[in-house]
$ cat query.tsv   # TSV, C-alpha atoms
chain	number	residue	atom	x	y	z
A	1	MET	CA	92.79	138.77	155.24
A	2	ALA	CA	94.30	140.11	152.07
A	3	GLN	CA	97.82	141.33	152.21
A	4	ILE	CA	98.16	145.10	152.24
A	5	PHE	CA	101.64	145.17	150.79
A	6	HIS	CA	102.75	143.18	147.86
A	7	ARG	CA	105.66	140.78	148.41
A	8	SER	CA	107.96	142.95	146.33
A	9	THR	CA	107.88	145.70	148.97
A	10	ASN	CA	110.00	143.45	151.20
A	11	VAL	CA	112.93	144.26	148.97
A	12	LEU	CA	112.23	147.94	149.38
A	13	SER	CA	112.10	147.75	153.16
A	14	ARG	CA	115.32	145.72	153.30
A	15	LEU	CA	116.96	148.21	151.00
A	16	SER	CA	115.91	151.17	153.10
A	17	ILE	CA	117.21	149.57	156.31
A	18	PHE	CA	120.50	148.88	154.56
A	19	GLY	CA	120.55	152.34	152.99
A	20	PHE	CA	119.92	154.08	156.29
A	21	VAL	CA	123.43	153.18	157.39
A	22	PHE	CA	124.79	154.95	154.34
A	23	ILE	CA	122.58	157.97	154.90
A	24	LEU	CA	123.80	158.24	158.50
A	25	ALA	CA	127.39	157.85	157.39
A	26	GLY	CA	126.73	160.48	154.73
A	27	ILE	CA	125.39	162.96	157.27
A	28	VAL	CA	128.39	162.42	159.50
A	29	TRP	CA	130.69	162.84	156.51
A	30	ILE	CA	129.00	166.09	155.44
A	31	ALA	CA	129.20	167.41	159.00
A	32	TYR	CA	132.90	166.54	159.03
A	33	ILE	CA	133.55	168.33	155.74
A	34	VAL	CA	131.48	171.37	156.70
A	35	ASN	CA	133.28	171.64	160.03
A	36	ARG	CA	136.60	171.81	158.24
A	37	SER	CA	135.38	174.06	155.45
A	38	PRO	CA	136.15	177.76	155.27
A	39	TYR	CA	132.45	178.34	156.01
A	40	ILE	CA	133.07	177.35	159.65
A	41	THR	CA	136.78	178.05	160.07
A	42	GLU	CA	136.80	181.28	158.02
A	43	VAL	CA	140.15	180.31	156.51
A	44	GLY	CA	141.02	182.49	153.54
A	45	MET	CA	138.19	185.01	153.99
A	46	ALA	CA	139.36	188.60	154.14
A	47	GLN	CA	137.95	190.59	157.05
A	48	VAL	CA	136.46	194.03	156.30
A	49	GLN	CA	138.01	196.74	158.49
A	50	PRO	CA	137.12	200.36	159.31
A	51	VAL	CA	140.41	201.39	157.66
A	52	PRO	CA	141.66	199.22	154.79
A	53	PHE	CA	144.98	198.57	156.54
A	54	SER	CA	147.30	196.52	154.35
A	55	HIS	CA	149.96	194.29	155.88
A	56	LYS	CA	151.26	193.76	152.37
A	57	HIS	CA	152.02	197.44	152.00
A	58	HIS	CA	153.44	198.02	155.45
A	59	VAL	CA	155.35	194.75	155.91
A	60	SER	CA	156.72	193.78	152.52
A	61	GLY	CA	156.47	197.23	150.96
A	62	LEU	CA	158.03	199.25	153.77
A	63	GLY	CA	159.87	196.45	155.57
A	64	LEU	CA	158.30	197.12	158.97
A	65	ASP	CA	158.90	194.52	161.67
A	66	CYS	CA	155.80	192.96	163.29
A	67	ARG	CA	156.95	194.32	166.64
A	68	PHE	CA	156.78	197.93	165.44
A	69	CYS	CA	153.01	197.57	165.89
A	70	HIS	CA	152.42	194.33	167.82
A	71	THR	CA	154.75	195.37	170.60
A	72	SER	CA	153.94	192.83	173.30
A	73	VAL	CA	154.08	189.66	171.21
A	74	GLU	CA	157.40	188.52	172.73
A	75	THR	CA	156.55	189.20	176.33
A	76	SER	CA	152.88	188.48	176.90
A	77	ALA	CA	149.94	186.29	175.96
A	78	PHE	CA	148.39	189.10	173.94
A	79	ALA	CA	150.23	190.16	170.80
A	80	GLY	CA	149.19	193.79	171.21
A	81	MET	CA	147.22	195.99	168.85
A	82	PRO	CA	148.77	199.27	167.73
A	83	PRO	CA	147.22	202.35	169.34
A	84	THR	CA	146.28	205.18	166.97
A	85	GLU	CA	149.47	206.97	168.04
A	86	THR	CA	151.49	204.24	166.30
A	87	CYS	CA	149.76	204.90	162.98
A	88	MET	CA	150.19	208.63	163.48
A	89	THR	CA	153.94	208.16	163.95
A	90	CYS	CA	154.01	208.12	160.16
A	91	HIS	CA	150.57	209.24	159.06
A	92	SER	CA	150.87	212.60	160.78
A	93	GLN	CA	152.79	213.49	157.60
A	94	ILE	CA	152.28	210.65	155.12
A	95	TRP	CA	148.97	210.65	153.26
A	96	SER	CA	147.85	213.11	155.90
A	97	ASP	CA	144.90	214.31	153.86
A	98	SER	CA	143.83	211.01	152.34
A	99	PRO	CA	140.12	210.30	153.03
A	100	MET	CA	141.00	206.62	153.51
A	101	LEU	CA	142.85	207.55	156.68
A	102	GLU	CA	140.19	209.90	158.06
A	103	PRO	CA	139.05	207.37	160.74
A	104	VAL	CA	142.65	207.25	162.02
A	105	ARG	CA	142.91	211.02	162.31
A	106	GLU	CA	139.43	211.23	163.77
A	107	SER	CA	140.42	208.67	166.40
A	108	TYR	CA	143.55	210.67	167.22
A	109	ARG	CA	141.60	213.90	167.57
A	110	SER	CA	138.71	212.54	169.58
A	111	ASN	CA	140.66	209.98	171.63
A	112	GLN	CA	138.21	207.23	170.61
A	113	SER	CA	139.68	203.83	169.73
A	114	ILE	CA	139.51	202.47	166.20
A	115	GLU	CA	137.43	199.29	166.42
A	116	TRP	CA	139.20	196.62	164.38
A	117	ASN	CA	137.25	193.48	163.58
A	118	ARG	CA	138.88	190.37	164.97
A	119	VAL	CA	140.26	187.88	162.48
A	120	TYR	CA	141.46	185.23	164.92
A	121	GLN	CA	139.41	184.60	168.03
A	122	LEU	CA	139.56	181.49	170.17
A	123	PRO	CA	136.56	180.51	172.28
A	124	GLY	CA	136.62	181.77	175.87
A	125	TYR	CA	137.49	178.37	177.32
A	126	VAL	CA	140.83	178.14	175.50
A	127	TYR	CA	144.02	179.66	176.87
A	128	PHE	CA	146.65	180.80	174.40
A	129	ASP	CA	149.94	182.58	174.96
A	130	HIS	CA	152.07	184.18	172.23
A	131	SER	CA	155.27	184.69	174.19
A	132	ILE	CA	155.99	181.00	174.79
A	133	HIS	CA	155.50	180.14	171.13
A	134	ILE	CA	157.79	182.96	169.98
A	135	ASN	CA	160.49	182.14	172.51
A	136	LYS	CA	160.48	178.45	171.65
A	137	GLY	CA	160.99	179.16	167.97
A	138	ILE	CA	157.53	179.00	166.37
A	139	GLY	CA	157.31	181.56	163.56
A	140	CYS	CA	154.38	183.91	162.97
A	141	SER	CA	153.92	182.53	159.48
A	142	THR	CA	153.43	178.96	160.77
A	143	CYS	CA	150.13	180.05	162.32
A	144	HIS	CA	149.22	183.29	160.52
A	145	GLY	CA	150.53	182.48	157.05
A	146	ARG	CA	152.14	184.93	154.65
A	147	VAL	CA	150.91	188.07	156.40
A	148	ASP	CA	153.24	190.11	154.20
A	149	GLN	CA	151.15	189.11	151.16
A	150	MET	CA	147.77	190.06	152.64
A	151	PRO	CA	146.22	193.35	151.49
A	152	LEU	CA	143.52	192.67	154.10
A	153	MET	CA	144.00	190.21	156.93
A	154	TRP	CA	142.48	186.76	156.57
A	155	ARG	CA	142.73	183.53	158.49
A	156	ALA	CA	145.50	181.25	157.30
A	157	SER	CA	144.80	178.35	159.66
A	158	PRO	CA	141.65	176.88	161.19
A	159	MET	CA	142.66	177.34	164.86
A	160	GLN	CA	140.74	174.21	165.80
A	161	MET	CA	141.90	171.91	168.58
A	162	GLU	CA	143.06	169.27	166.13
A	163	TRP	CA	145.29	171.83	164.46
A	164	CYS	CA	146.90	173.01	167.72
A	165	LEU	CA	147.45	169.42	168.85
A	166	ASN	CA	149.03	168.39	165.58
A	167	CYS	CA	151.88	170.74	166.31
A	168	HIS	CA	152.03	170.10	170.04
A	169	ARG	CA	152.50	166.39	169.26
A	170	ASN	CA	155.04	166.93	166.46
A	171	VAL	CA	156.87	170.10	167.47
A	172	GLU	CA	160.12	169.03	165.78
A	173	GLN	CA	158.43	169.42	162.40
A	174	TYR	CA	157.68	173.09	163.04
A	175	VAL	CA	160.37	174.73	165.20
A	176	ARG	CA	162.78	177.10	163.51
A	177	PRO	CA	165.78	179.07	164.74
A	178	ARG	CA	164.70	181.95	166.98
A	179	ALA	CA	166.34	184.44	164.63
A	180	ALA	CA	163.88	183.42	161.87
A	181	VAL	CA	160.64	183.73	163.89
A	182	TYR	CA	159.63	187.01	162.21
A	183	GLN	CA	160.86	186.03	158.78
A	184	MET	CA	157.81	185.70	156.55
A	185	ASP	CA	159.36	183.79	153.64
A	186	TYR	CA	161.08	181.19	155.85
A	187	GLN	CA	161.20	177.79	154.17
A	188	PRO	CA	161.95	174.79	156.37
A	189	PRO	CA	165.19	173.11	155.25
A	190	LYS	CA	165.09	169.63	153.69
A	191	ASP	CA	166.37	168.05	156.89
A	192	GLN	CA	163.76	169.78	159.05
A	193	VAL	CA	163.37	166.81	161.38
A	194	ALA	CA	167.10	166.72	162.12
A	195	LEU	CA	167.22	170.48	162.67
A	196	GLY	CA	163.95	170.29	164.64
A	197	GLU	CA	165.29	167.66	166.99
A	198	LYS	CA	168.43	169.71	167.57
A	199	LEU	CA	166.42	172.87	168.31
A	200	VAL	CA	163.96	170.99	170.53
A	201	LYS	CA	166.94	169.99	172.71
A	202	GLU	CA	168.53	173.44	172.59
A	203	TYR	CA	165.35	175.38	173.45
A	204	LYS	CA	164.12	172.62	175.78
A	205	VAL	CA	160.78	172.39	173.97
A	206	GLN	CA	158.24	170.12	175.65
A	207	LYS	CA	155.37	168.26	174.02
A	208	LEU	CA	152.38	169.70	175.83
A	209	THR	CA	149.29	167.61	175.10
A	210	ASP	CA	147.56	167.52	178.51
A	211	CYS	CA	144.11	169.04	178.41
A	212	TYR	CA	144.96	171.55	181.13
A	213	THR	CA	147.63	173.14	178.93
A	214	CYS	CA	144.94	174.91	176.96
A	215	HIS	CA	141.77	174.45	179.04
A	216	ARG	CA	142.49	175.96	182.43
B	1	MET	CA	112.54	164.39	165.62
B	2	ALA	CA	113.80	164.47	169.19
B	3	LEU	CA	117.39	163.89	168.19
B	4	PRO	CA	117.96	167.06	166.14
B	5	LEU	CA	116.09	169.02	168.79
B	6	LEU	CA	118.37	167.70	171.51
B	7	ILE	CA	121.43	168.46	169.43
B	8	GLY	CA	120.11	171.94	168.76
B	9	VAL	CA	119.57	172.59	172.45
B	10	GLY	CA	123.06	171.28	173.15
B	11	CYS	CA	124.66	173.89	170.93
B	12	ARG	CA	124.87	176.67	173.47
B	13	THR	CA	127.64	179.17	173.40
B	14	ASP	CA	127.84	180.10	177.09
B	15	MET	CA	131.38	178.82	177.30
B	16	HIS	CA	132.42	180.34	173.99
B	17	VAL	CA	131.51	183.84	175.03
B	18	GLN	CA	132.34	184.13	178.68
B	19	PRO	CA	131.43	187.16	180.77
B	20	ARG	CA	134.97	188.46	181.05
B	21	TYR	CA	137.00	190.92	179.05
B	22	ARG	CA	139.74	189.73	176.77
B	23	PRO	CA	142.45	192.29	176.04
B	24	MET	CA	140.94	195.31	174.26
B	25	GLN	CA	137.45	193.84	173.94
B	26	PRO	CA	134.88	196.66	173.77
B	27	SER	CA	132.85	197.44	176.87
B	28	HIS	CA	129.38	198.92	177.25
B	29	VAL	CA	130.00	200.07	180.79
B	30	PHE	CA	132.26	202.99	180.01
B	31	ASP	CA	131.49	205.99	177.84
B	32	ASP	CA	134.52	205.62	175.63
B	33	GLY	CA	133.78	201.91	175.08
B	34	ARG	CA	137.16	200.68	176.29
B	35	SER	CA	137.51	197.77	178.66
B	36	ALA	CA	141.19	198.62	179.15
B	37	ARG	CA	141.02	201.59	181.50
B	38	PRO	CA	143.65	204.32	181.46
B	39	LEU	CA	145.46	204.78	184.77
B	40	ILE	CA	144.25	207.59	186.96
B	41	GLU	CA	146.94	210.23	187.06
B	42	GLY	CA	149.42	209.68	189.85
B	43	THR	CA	148.77	205.92	190.13
B	44	VAL	CA	151.88	203.91	190.91
B	45	ALA	CA	151.74	200.15	190.57
B	46	ARG	CA	153.59	198.15	193.21
B	47	GLY	CA	157.25	197.92	192.23
B	48	HIS	CA	156.87	200.57	189.53
B	49	LEU	CA	157.78	203.69	191.45
B	50	ARG	CA	160.16	205.60	189.20
B	51	VAL	CA	162.56	207.14	191.69
B	52	ASP	CA	165.71	206.57	189.63
B	53	GLU	CA	165.92	209.90	187.81
B	54	LEU	CA	168.76	208.83	185.55
B	55	LEU	CA	167.18	205.50	184.49
B	56	TYR	CA	163.73	206.90	183.72
B	57	THR	CA	164.37	210.44	182.48
B	58	GLY	CA	167.96	210.32	181.20
B	59	LYS	CA	168.75	213.40	183.26
B	60	VAL	CA	170.97	214.18	186.23
B	61	ASN	CA	169.84	217.25	188.19
B	62	GLY	CA	167.70	218.30	185.22
B	63	LYS	CA	170.53	218.14	182.64
B	64	ASP	CA	170.97	215.43	179.98
B	65	SER	CA	173.22	212.75	181.43
B	66	GLU	CA	176.67	212.00	180.07
B	67	VAL	CA	176.71	208.49	181.54
B	68	PHE	CA	174.61	205.35	181.33
B	69	PRO	CA	172.62	204.15	184.36
B	70	PHE	CA	174.10	200.64	184.02
B	71	PRO	CA	177.28	199.17	182.48
B	72	ILE	CA	177.05	198.56	178.72
B	73	THR	CA	178.07	195.02	177.75
B	74	GLN	CA	178.26	193.25	174.40
B	75	GLU	CA	174.85	191.71	175.16
B	76	ILE	CA	173.22	195.09	175.72
B	77	LEU	CA	174.72	196.45	172.51
B	78	GLU	CA	173.25	193.52	170.59
B	79	ARG	CA	169.88	194.10	172.21
B	80	GLY	CA	170.18	197.77	171.26
B	81	GLN	CA	170.97	196.87	167.67
B	82	GLN	CA	167.93	194.60	167.46
B	83	ARG	CA	165.58	197.23	168.95
B	84	PHE	CA	167.09	199.97	166.76
B	85	ASN	CA	166.43	197.85	163.69
B	86	ILE	CA	162.78	197.36	164.68
B	87	TYR	CA	161.81	200.87	165.78
B	88	CYS	CA	164.20	203.40	164.29
B	89	VAL	CA	165.46	202.01	160.96
B	90	PRO	CA	162.27	202.80	158.98
B	91	CYS	CA	163.20	206.48	159.29
B	92	HIS	CA	166.81	206.74	160.43
B	93	ASP	CA	168.22	204.00	158.17
B	94	ARG	CA	170.54	201.20	159.32
B	95	THR	CA	173.56	203.45	159.42
B	96	GLY	CA	171.77	206.36	161.08
B	97	SER	CA	172.08	208.55	157.98
B	98	GLY	CA	168.43	209.61	158.27
B	99	ASN	CA	167.65	208.26	154.82
B	100	GLY	CA	165.17	205.53	155.74
B	101	ILE	CA	162.27	204.40	153.59
B	102	ILE	CA	159.67	206.56	155.37
B	103	PRO	CA	161.45	209.87	154.66
B	104	GLN	CA	161.79	208.64	151.07
B	105	ARG	CA	157.97	208.41	150.99
B	106	GLY	CA	157.55	211.98	152.10
B	107	PHE	CA	158.15	212.12	155.86
B	108	ARG	CA	160.34	214.93	157.21
B	109	HIS	CA	164.02	213.96	156.87
B	110	PRO	CA	165.64	213.36	160.26
B	111	PRO	CA	169.19	214.67	160.73
B	112	SER	CA	172.08	212.24	160.32
B	113	TYR	CA	173.49	210.89	163.59
B	114	HIS	CA	176.92	211.69	162.26
B	115	ILE	CA	176.68	215.47	162.31
B	116	ASP	CA	178.89	217.16	164.89
B	117	ARG	CA	176.05	218.38	167.07
B	118	LEU	CA	174.70	214.87	167.62
B	119	ARG	CA	178.16	213.31	167.99
B	120	GLN	CA	178.83	215.70	170.83
B	121	ALA	CA	175.36	215.36	172.37
B	122	PRO	CA	175.29	213.57	175.74
B	123	VAL	CA	173.72	210.07	175.74
B	124	GLY	CA	170.91	211.41	177.89
B	125	HIS	CA	169.78	213.48	174.90
B	126	PHE	CA	169.08	210.36	172.82
B	127	PHE	CA	167.19	208.86	175.72
B	128	ASP	CA	165.17	212.04	176.05
B	129	VAL	CA	164.31	212.16	172.32
B	130	MET	CA	162.97	208.58	172.46
B	131	THR	CA	161.06	209.25	175.68
B	132	ASN	CA	159.43	212.56	174.85
B	133	GLY	CA	159.63	212.73	171.07
B	134	PHE	CA	161.36	215.50	169.15
B	135	GLY	CA	159.70	217.82	166.65
B	136	ALA	CA	157.98	215.69	164.03
B	137	MET	CA	159.15	212.47	165.70
B	138	TYR	CA	156.65	210.88	168.09
B	139	SER	CA	157.52	209.52	171.51
B	140	PHE	CA	158.50	205.87	171.73
B	141	ALA	CA	158.04	205.63	175.48
B	142	SER	CA	154.97	203.40	175.23
B	143	ARG	CA	156.62	201.05	172.74
B	144	VAL	CA	160.19	200.72	174.03
B	145	SER	CA	160.98	200.02	177.69
B	146	PRO	CA	163.43	202.33	179.54
B	147	ARG	CA	166.21	199.70	179.60
B	148	ASP	CA	165.76	199.11	175.86
B	149	ARG	CA	165.89	202.87	175.24
B	150	TRP	CA	169.28	202.98	176.96
B	151	ALA	CA	170.42	199.98	174.92
B	152	ILE	CA	169.42	201.83	171.74
B	153	ALA	CA	171.28	204.94	172.90
B	154	ALA	CA	174.39	202.81	173.43
B	155	TYR	CA	174.01	201.31	169.96
B	156	ILE	CA	173.69	204.80	168.42
B	157	ARG	CA	177.00	205.69	170.10
B	158	ALA	CA	178.52	202.57	168.52
B	159	LEU	CA	177.13	203.60	165.12
B	160	GLN	CA	178.65	207.06	165.50
B	161	LEU	CA	182.03	205.56	166.35
B	162	SER	CA	181.82	203.15	163.44
B	163	GLN	CA	181.45	206.01	160.94
B	164	GLN	CA	184.58	207.66	162.32
B	165	ALA	CA	186.68	204.50	162.42
B	166	GLY	CA	190.02	204.43	160.62
B	167	LEU	CA	192.19	201.59	159.43
B	168	ASN	CA	193.97	201.45	162.79
B	169	ASP	CA	190.73	200.54	164.58
B	170	VAL	CA	190.48	197.33	162.58
B	171	PRO	CA	192.18	194.31	164.20
B	172	PRO	CA	195.55	193.70	162.42
B	173	ALA	CA	194.43	190.26	161.26
B	174	GLU	CA	191.57	191.81	159.30
B	175	GLN	CA	193.45	194.82	157.93
B	176	HIS	CA	195.03	193.16	154.92
B	177	LYS	CA	191.62	191.78	153.92
B	178	LEU	CA	190.18	195.28	153.78
B	179	LEU	CA	193.21	196.58	151.89
B	180	SER	CA	193.05	193.87	149.25
B	181	GLU	CA	189.28	194.35	148.85
B	182	GLY	CA	189.80	198.08	148.41
B	183	LYS	CA	192.04	197.57	145.38

$ encode --input "query.tsv" --output "structure tokens"
Amino acid sequence: MAQIFHRSTNVLSRLSIFGFVFILAGIVWIAYIVNRSPYITEVGMAQVQPVPFSHKHHVSGLGLDCRFCHTSVETSAFAGMPPTETCMTCHSQIWSDSPMLEPVRESYRSNQSIEWNRVYQLPGYVYFDHSIHINKGIGCSTCHGRVDQMPLMWRASPMQMEWCLNCHRNVEQYVRPRAAVYQMDYQPPKDQVALGEKLVKEYKVQKLTDCYTCHR
Amino acid sequence: MALPLLIGVGCRTDMHVQPRYRPMQPSHVFDDGRSARPLIEGTVARGHLRVDELLYTGKVNGKDSEVFPFPITQEILERGQQRFNIYCVPCHDRTGSGNGIIPQRGFRHPPSYHIDRLRQAPVGHFFDVMTNGFGAMYSFASRVSPRDRWAIAAYIRALQLSQQAGLNDVPPAEQHKLLSEGK
């Protein structure tokens, strides 16, 4: 019986077996890159909101403290979202006829909540608590970035498990004095590790890496 | 062929989106769309009965109190300073002059804390202003806890004293420093 394939096709078949490994590796690599890309993690993408609220204006422009609006960040898991009354504390008189702020006034009149679009949202199976991070000296800007420079809020960090664990394993590289937690332009000193180790002792910071810390 | 299919089937999001409410998540059950329900009037949570008239209203027998409901220590003053700087400074300014950044942008100017009427006002008045609001100023009761409101009131008293202080109130060791700086 005559051969169907010419001898030279052997090379091709060997090549394709060999190449398959690379193709597999390539697919895994692309998946890895995509998973860390802003497309999945939404890092750096500004969120559209019903009112174009600007942290840049209110925080660095007017010098408001985060806690003026996010009142429960020190004491509970949830940072707290400002009720319409908080906006009206000032906007009852400031820009009180600007069309941009009409949804705020409408919400105040009708007692319907403004529906902000979430920027950060962990999956339902992850437990997170703000108060412990604040009280152990982790600054807002470590996780949320330079909020005071954001005209609209965007994600500054991926909020993936790897990212949380990186800090939980190496807390001494991230802790800062409690007094600087709300300071947006905080720069870690050159001897961060020395300072970190001192603060870790002082605040009794533990390295929590057990799965049940976050999955409970 | 089977592999991608299996992977596809594996990507379910049941655990991502669990049938429970996170804080302030919208709800379809209630007309106003809020999952956080307002308390029915008259509800008292266990341990939250507000029987202490002085602590929660700043009044004694219906009149603004002259005294604090608990002793004021250095710690409480520092707490008061911190809270004052967060919630009041945007309008009242760090010194209490009423010249904060928000009035500069067009909000009604609050009075200075250092006018005679407010220097003579009982501490309960400050507590009452924070609790119920005053004129153009909104209430801060939902943002600042009662104990913190008293701490702020104590700090305002300290601010008022500081603006009236003379050279003799400065510890002797510091006096010559001030004098030489003044030259």

$ interface_residues --input "query.tsv" --of "chain A" --to "chain B" --cutoff "8 Å" --atoms "all atoms listed in the file" --output "list of chain:residue names"
A:Leu62, A:Gly63, A:Leu64, A:Asp65, A:Arg67, A:Phe68, A:Thr71, A:Phe78, A:Thr89, A:Cys90, A:Gln93, A:Ile94, A:Gln112, A:Ser113, A:Pro123, A:Gly124, A:Tyr125

$ closest_residue --input "query.tsv" --among "B:Ala36, B:Val29, B:Leu179, B:Ala153" --to "Gln81 (chain B)" --atoms "only C-alpha atoms"
B:Ala153

$ atom_distance --input "query.tsv" --atom1 "CA of Asp185 (chain A)" --atom2 "CA of Lys136 (chain A)"
18.8 Å

$ axis_aligned_box --input "query.tsv" --around "region 116-128 of chain B" --padding-each-side "3 Å" --output "AutoDock Vina command-line options"
--center_x 172.0 --center_y 213.6 --center_z 171.4 --size_x 19.7 --size_y 15.5 --size_z 19.0

$ atom_distance --input "query.tsv" --atom1 "CA of Ile156 (chain B)" --atom2 "CA of Val59 (chain A)"
24.4 Å

$ atom_distance --input "query.tsv" --atom1 "CA of Ala121 (chain B)" --atom2 "CA of Leu77 (chain B)"
18.9 Å

$ residues_around --input "query.tsv" --residues "Val147 (chain A)" --least-positions-apart "5" --cutoff "8 Å" --atoms "all atoms listed in the file" --output "PDB file with C-alpha atoms, keeping the file's coordinate frame"
ATOM      1  CA  HIS A  55     149.960 194.290 155.880  1.00  0.00           C
ATOM      2  CA  LYS A  56     151.260 193.760 152.370  1.00  0.00           C
ATOM      3  CA  SER A 141     153.920 182.530 159.480  1.00  0.00           C
ATOM      4  CA  MET A 153     144.000 190.210 156.930  1.00  0.00           C
ATOM      5  CA  MET A 184     157.810 185.700 156.550  1.00  0.00           C
TER       6      MET A 184
END

$ closest_residue --input "query.tsv" --among "A:Val171, A:Leu15, A:Met81, A:Cys140" --to "Tyr186 (chain A)" --atoms "all atoms listed in the file"
A:Cys140
